[in-house]
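Enquirer: Take this structure, written in structure tokens, and hold onto it; I'll ask about it next.
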Amino acid sequence: MDAIAPQVIRPPAVVLQPTTLCNLDCTYCYLPFRRLNNTMSTDVLDAVAAGVADWAGHGPVEIVWHGGEPMLVGAAGLDAMMARFDGLDVRHSIQTNGVLVDDEWCELFTRRSVHVGVSVDGPEEFNRYRLNLAGRPSWAQTMRGIAKLRERGVPFSAIAVVSHPFPAVAQEFYDFFAQLGCTSVGVNIEEQEGVNTRHTGRSTARMADFWAALTTAWRANPVIGVREIGYVLDHLARDRAPGGRGIWVDPLPTIGWDGSVTLLSPEMAGFDSPEYGDFACGNVLETPLPALVDAGLRERWPTEFLTGVARCREICTYFDFCGGGHPGNKFFEHGRFDVTETDYCRNSKMALMLGVRRTG
């Protein structure tokens, strides 16, 4: 196999972990330190801002506040963190479980034009894996937060984790989000990742049936966007010869609370292994962020991942749509990075394409 040089793009987004702590204990969560209250320092924030300034001079950079629960630093605390990026061409977004949303938070979201994403898995019975720290359902608390966003006119999107993707639930699932008031919903099929080691063993045929049923529900009432359906339709609308996609790499740097930087997959942050060592490529308190990204992509595990992506390009008919998958899925399913097919590929790329195309 000939080596294929990847094309590295300027990072369009940087993920920041303002705290490791979370106020929920979802059974499928991949985060290893969600019970620890570690908070990002101003020194780390200033170092990240200095690096982002290098990229933001060539176009806007999205600052994604995510994992554990970023709202646990408080509205004033997160406002102060965001202020370290004032004067740069950045856009802020936050992914939250919505439990803590109140008027103070809505004022911050509005004043700073923060894009809000709320994690909720659907109707109450679909949300049973999203538990609070006492082991009780969190659905009512999240719905109160969503009601406050709607009351204050704050736009929000939703992300849902689907643990049981049966075709029979697709209509009810879609109807819930169509009435929720969100602008769009992203559908994450539960994955074996991080500290979530449960293997669900779904067949591609069953998953295609789920995606077809969901697409049928959406086509009948397309009042919101469904992220995955949009991906397929956008791909099909492009005039591209099969096999024409090159290997494009978005470094997607994730900065942990302590300044550690992990590339390519936020799900790898905070993990290491005897085989590969620490998956972080360094720390912004010691090395500028752009330099970490440049050097980090040449380290062992990213290089091995790109070898696997090149193999995907050679053998997989879905490569032009998928792009070669994600490191987290490859490692947590197979223990290495140069593999090709994963459950994520089958569930959320192959079956997705089959299901959407089946509906027209």
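Lettering and numbering for the structure tokens are positional, with chains as A, B, ... in the shown order, residues counted from 1 in each chain, and ligands counted from 1 in the shown order.
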Taking the DSSP secondary structure from the backbone, can you list the residues of segment 93-245 of chain A that are helix (DSSP H, G or I), as JSON, numbers by chain?
Expert: {"A": [103, 104, 105, 106, 107, 108, 109, 110, 111, 124, 125, 126, 127, 139, 140, 141, 142, 143, 144, 145, 146, 147, 148, 149, 150, 151, 167, 168, 169, 170, 171, 172, 173, 174, 175, 176, 177, 178, 179, 180, 204, 205, 206, 207, 208, 209, 210, 211, 212, 213, 214, 215, 216, 217, 218, 219, 220, 227, 228, 229, 230, 231, 232, 233, 234, 235, 236, 237]}
Enquirer: If you run DSSP on this backbone, which residues of segment 117-307 of chain A come out as strand (DSSP E), and could you give them as a count of residues only?
Expert: 31
Enquirer: Do a neighbour search on segment 168-173 of chain A at 12 Å with only C-alpha atoms, toss out local chain neighbours closer than 6 positions, and write the hits as a PyMOL selection string.
Expert: chain A and resi 120-127+160-162+179-180+185-187+206-221+226
Enquirer: Grab the residues selected above and save them as a compact mmCIF listing (two decimals), in the first residue's frame with N, CA, C and O atoms.
Expert:
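The result, written out as again-v2.txt:
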# COMPACT_ATOMS: atom_id res chain seq x y z
N VAL A 120 -30.14 15.18 25.87
CA VAL A 120 -31.37 14.54 26.36
C VAL A 120 -31.70 13.43 25.37
O VAL A 120 -31.56 13.61 24.16
N ASP A 121 -32.11 12.28 25.87
CA ASP A 121 -32.20 11.10 25.03
C ASP A 121 -33.58 10.82 24.46
O ASP A 121 -33.78 9.81 23.80
N GLY A 122 -34.55 11.73 24.72
CA GLY A 122 -35.88 11.54 24.17
C GLY A 122 -36.93 11.57 25.25
O GLY A 122 -36.72 12.16 26.33
N PRO A 123 -38.10 10.97 25.01
CA PRO A 123 -39.14 10.91 26.02
C PRO A 123 -38.63 10.27 27.31
O PRO A 123 -37.57 9.62 27.33
N GLU A 124 -39.37 10.43 28.39
CA GLU A 124 -38.88 10.04 29.72
C GLU A 124 -38.37 8.61 29.77
O GLU A 124 -37.31 8.32 30.35
N GLU A 125 -39.10 7.68 29.17
CA GLU A 125 -38.66 6.28 29.25
C GLU A 125 -37.39 6.03 28.44
O GLU A 125 -36.63 5.10 28.74
N PHE A 126 -37.14 6.87 27.41
CA PHE A 126 -35.91 6.73 26.63
C PHE A 126 -34.70 7.27 27.40
O PHE A 126 -33.57 6.96 27.06
N ASN A 127 -34.96 8.09 28.40
CA ASN A 127 -33.92 8.82 29.11
C ASN A 127 -33.47 8.11 30.39
O ASN A 127 -32.79 8.69 31.22
N ALA A 160 -28.85 13.23 21.41
CA ALA A 160 -29.45 12.09 22.09
C ALA A 160 -28.57 10.86 21.92
O ALA A 160 -28.07 10.59 20.83
N VAL A 161 -28.37 10.14 23.00
CA VAL A 161 -27.73 8.83 22.94
C VAL A 161 -28.85 7.78 22.86
O VAL A 161 -29.74 7.76 23.71
N VAL A 162 -28.79 6.95 21.85
CA VAL A 162 -29.81 5.91 21.65
C VAL A 162 -29.18 4.56 21.99
O VAL A 162 -28.27 4.10 21.29
N GLN A 179 -41.19 18.40 18.74
CA GLN A 179 -42.01 19.24 19.60
C GLN A 179 -41.21 19.90 20.73
O GLN A 179 -41.76 20.71 21.49
N LEU A 180 -39.93 19.57 20.86
CA LEU A 180 -39.13 20.03 22.00
C LEU A 180 -38.78 21.51 21.91
O LEU A 180 -38.56 22.16 22.93
N VAL A 185 -31.42 17.80 16.07
CA VAL A 185 -31.03 16.75 17.00
C VAL A 185 -29.93 15.91 16.34
O VAL A 185 -29.98 15.59 15.16
N GLY A 186 -28.90 15.61 17.13
CA GLY A 186 -27.87 14.68 16.72
C GLY A 186 -28.11 13.34 17.39
O GLY A 186 -28.46 13.30 18.58
N VAL A 187 -27.96 12.27 16.65
CA VAL A 187 -28.27 10.93 17.15
C VAL A 187 -26.98 10.14 17.32
O VAL A 187 -26.33 9.77 16.34
N ARG A 206 -30.36 -4.44 11.20
CA ARG A 206 -31.29 -3.85 12.17
C ARG A 206 -31.07 -2.35 12.29
O ARG A 206 -32.01 -1.58 12.38
N MET A 207 -29.81 -1.94 12.26
CA MET A 207 -29.52 -0.52 12.34
C MET A 207 -30.04 0.22 11.11
O MET A 207 -30.57 1.33 11.21
N ALA A 208 -29.94 -0.39 9.93
CA ALA A 208 -30.47 0.24 8.73
C ALA A 208 -31.99 0.41 8.84
O ALA A 208 -32.54 1.42 8.40
N ASP A 209 -32.65 -0.57 9.45
CA ASP A 209 -34.10 -0.46 9.66
C ASP A 209 -34.43 0.72 10.57
O ASP A 209 -35.40 1.46 10.33
N PHE A 210 -33.62 0.92 11.61
CA PHE A 210 -33.85 2.06 12.51
C PHE A 210 -33.67 3.38 11.77
O PHE A 210 -34.52 4.27 11.85
N TRP A 211 -32.58 3.51 11.02
CA TRP A 211 -32.33 4.76 10.32
C TRP A 211 -33.39 5.02 9.25
O TRP A 211 -33.81 6.17 9.04
N ALA A 212 -33.86 3.97 8.60
CA ALA A 212 -34.92 4.14 7.61
C ALA A 212 -36.21 4.62 8.28
O ALA A 212 -36.89 5.52 7.76
N ALA A 213 -36.55 4.04 9.42
CA ALA A 213 -37.76 4.45 10.13
C ALA A 213 -37.64 5.89 10.61
O ALA A 213 -38.61 6.67 10.55
N LEU A 214 -36.46 6.27 11.10
CA LEU A 214 -36.26 7.64 11.57
C LEU A 214 -36.35 8.62 10.39
O LEU A 214 -36.95 9.70 10.51
N THR A 215 -35.77 8.26 9.26
CA THR A 215 -35.82 9.12 8.08
C THR A 215 -37.25 9.27 7.57
O THR A 215 -37.67 10.36 7.16
N THR A 216 -38.01 8.19 7.61
CA THR A 216 -39.41 8.26 7.20
C THR A 216 -40.19 9.22 8.09
O THR A 216 -40.99 10.03 7.61
N ALA A 217 -39.94 9.15 9.41
CA ALA A 217 -40.61 10.06 10.34
C ALA A 217 -40.22 11.51 10.05
O ALA A 217 -41.06 12.41 10.07
N TRP A 218 -38.95 11.72 9.77
CA TRP A 218 -38.48 13.08 9.48
C TRP A 218 -39.06 13.60 8.16
O TRP A 218 -39.50 14.75 8.08
N ARG A 219 -39.07 12.78 7.14
CA ARG A 219 -39.59 13.22 5.84
C ARG A 219 -41.06 13.61 5.94
O ARG A 219 -41.52 14.52 5.22
N ALA A 220 -41.81 12.96 6.83
CA ALA A 220 -43.23 13.27 6.98
C ALA A 220 -43.47 14.59 7.70
O ALA A 220 -44.55 15.19 7.56
N ASN A 221 -42.46 15.07 8.43
CA ASN A 221 -42.63 16.29 9.23
C ASN A 221 -41.27 16.93 9.47
O ASN A 221 -40.78 16.97 10.59
N VAL A 226 -32.17 16.66 11.45
CA VAL A 226 -31.58 15.48 12.09
C VAL A 226 -30.16 15.38 11.54
O VAL A 226 -29.96 15.17 10.34
Enquirer: Which residues are close to segment 96-102 of chain A, i.e. within 9 Å by only C-alpha atoms, leaving aside same-chain residues fewer than 5 positions away? Reply as an MDAnalysis selection string.
Expert: chainID A and resid 23:24 65:72 107 116:120 138:146 148:149
Enquirer: Those selected residues, please, written with C-alpha atoms and delivered as a PDB file, in the first residue's frame.
Expert:
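So result04.pdb came out as:
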ATOM      1  CA  ASN A  23     -23.722  16.265  38.314  1.00  0.00           C
ATOM      2  CA  LEU A  24     -25.091  13.201  36.488  1.00  0.00           C
ATOM      3  CA  TRP A  65     -17.021  23.915  26.463  1.00  0.00           C
ATOM      4  CA  HIS A  66     -17.634  20.254  27.194  1.00  0.00           C
ATOM      5  CA  GLY A  67     -17.164  17.401  29.679  1.00  0.00           C
ATOM      6  CA  GLY A  68     -17.841  16.883  32.591  1.00  0.00           C
ATOM      7  CA  GLU A  69     -20.716  19.314  33.094  1.00  0.00           C
ATOM      8  CA  PRO A  70     -19.325  22.762  32.174  1.00  0.00           C
ATOM      9  CA  MET A  71     -22.132  24.638  33.940  1.00  0.00           C
ATOM     10  CA  LEU A  72     -20.818  23.425  37.305  1.00  0.00           C
ATOM     11  CA  GLU A 107     -28.525  35.980  30.163  1.00  0.00           C
ATOM     12  CA  VAL A 116     -26.279  25.763  23.436  1.00  0.00           C
ATOM     13  CA  GLY A 117     -26.463  22.011  22.955  1.00  0.00           C
ATOM     14  CA  VAL A 118     -28.571  20.021  25.414  1.00  0.00           C
ATOM     15  CA  SER A 119     -28.022  16.320  26.003  1.00  0.00           C
ATOM     16  CA  VAL A 120     -31.368  14.538  26.359  1.00  0.00           C
ATOM     17  CA  SER A 138     -32.723  13.321  35.633  1.00  0.00           C
ATOM     18  CA  TRP A 139     -35.314  13.806  32.873  1.00  0.00           C
ATOM     19  CA  ALA A 140     -37.585  16.209  34.782  1.00  0.00           C
ATOM     20  CA  GLN A 141     -34.630  18.427  35.736  1.00  0.00           C
ATOM     21  CA  THR A 142     -33.394  18.590  32.152  1.00  0.00           C
ATOM     22  CA  MET A 143     -36.886  19.381  30.888  1.00  0.00           C
ATOM     23  CA  ARG A 144     -37.118  22.276  33.366  1.00  0.00           C
ATOM     24  CA  GLY A 145     -33.867  23.643  31.966  1.00  0.00           C
ATOM     25  CA  ILE A 146     -35.176  23.306  28.415  1.00  0.00           C
ATOM     26  CA  LYS A 148     -36.294  27.994  30.716  1.00  0.00           C
ATOM     27  CA  LEU A 149     -34.322  28.188  27.447  1.00  0.00           C
TER      28      LEU A 149
END
Enquirer: In terms of the shortest atom-to-atom distance over only C-alpha atoms, which of A:Gly181, A:Pro12, A:Gly135, A:Pro165 is closest to Glu151 of chain A?
Expert: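 Once distances to Glu151 of chain A are computed over only C-alpha atoms, the minimum belongs to A:Gly181.
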Enquirer: Residues within 12 Å of Ala56 of chain A, please, as a CSV table (one decimal) with C-alpha atoms, in the first residue's frame. Count only C-alpha atoms; anything in the same chain fewer than 6 positions from it doesn't count.
Expert:
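Ended up saving to selection00.csv:
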chain,number,residue,atom,x,y,z
A,10,ARG,CA,-6.5,24.5,10.4
A,11,PRO,CA,-8.4,23.5,13.6
A,12,PRO,CA,-11.9,24.9,13.2
A,13,ALA,CA,-12.8,24.0,16.8
A,14,VAL,CA,-11.0,23.5,20.1
A,48,VAL,CA,-5.0,28.2,25.0
A,49,ALA,CA,-6.1,31.7,24.0
A,50,ALA,CA,-2.5,32.5,22.8
A,62,GLU,CA,-15.3,27.5,17.8
A,63,ILE,CA,-14.5,27.1,21.5
A,85,PHE,CA,-10.8,34.9,24.5
A,86,ASP,CA,-12.3,38.4,24.1
A,87,GLY,CA,-10.9,40.2,21.1
A,88,LEU,CA,-10.3,37.0,19.1
A,89,ASP,CA,-12.4,35.7,16.2
A,90,VAL,CA,-14.1,32.9,18.2
A,91,ARG,CA,-17.6,31.5,18.7
A,290,PRO,CA,0.1,25.2,17.5
Enquirer: Using only C-alpha atoms, determine which residues lie at most 10 Å from Leu297 of chain A, disregarding the query and same-chain residues fewer than 6 positions distant; provide the list as a short mmCIF file (atom, residue, chain, number, x, y, z; two decimals) with C-alpha atoms, in the first residue's frame.
Expert:
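Okay, result.cif is ready:
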data_model
loop_
_atom_site.label_atom_id
_atom_site.label_comp_id
_atom_site.auth_asym_id
_atom_site.auth_seq_id
_atom_site.Cartn_x
_atom_site.Cartn_y
_atom_site.Cartn_z
CA VAL A 8 -4.13 18.75 7.81
CA VAL A 249 -7.32 15.54 9.15
CA PRO A 251 -6.69 17.88 14.63
CA LEU A 263 -5.71 15.30 19.35
CA LEU A 264 -8.26 13.87 16.92
CA CYS A 281 0.74 14.97 23.16
CA THR A 303 0.43 7.91 12.80
CA PHE A 305 -4.52 5.82 13.12
CA LEU A 306 -3.75 7.49 9.80
#
Enquirer: Can you pull out every residue within 10 Å of segment 335-346 of chain A, counting only C-alpha atoms, but drop anything in the same chain fewer than 5 positions away, and send it as number ranges by chain?
Expert: A: 188-192, 199-205, 207-208, 273, 275-276, 300-313, 315-316, 318-319, 322, 324-330, 351-353
Enquirer: To one decimal in Å, tell me the separation between atom CA of Phe321 of chain A and atom CA of Met350 of chain A.
Expert: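 So the answer is 9.0 Å.
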Enquirer: What does the structure give for the distance between atom CA of His58 of chain A and atom CA of Leu78 of chain A, in Å to one decimal?
Expert: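 Atom CA of His58 of chain A sits 25.6 Å away from atom CA of Leu78 of chain A.
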Enquirer: Between A:Ile247, A:Trp105, A:Phe156, A:Val52, which is the closest to Asp320 of chain A once you count only C-alpha atoms?
Expert: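 The answer is A:Ile247, which sits nearest to Asp320 of chain A.
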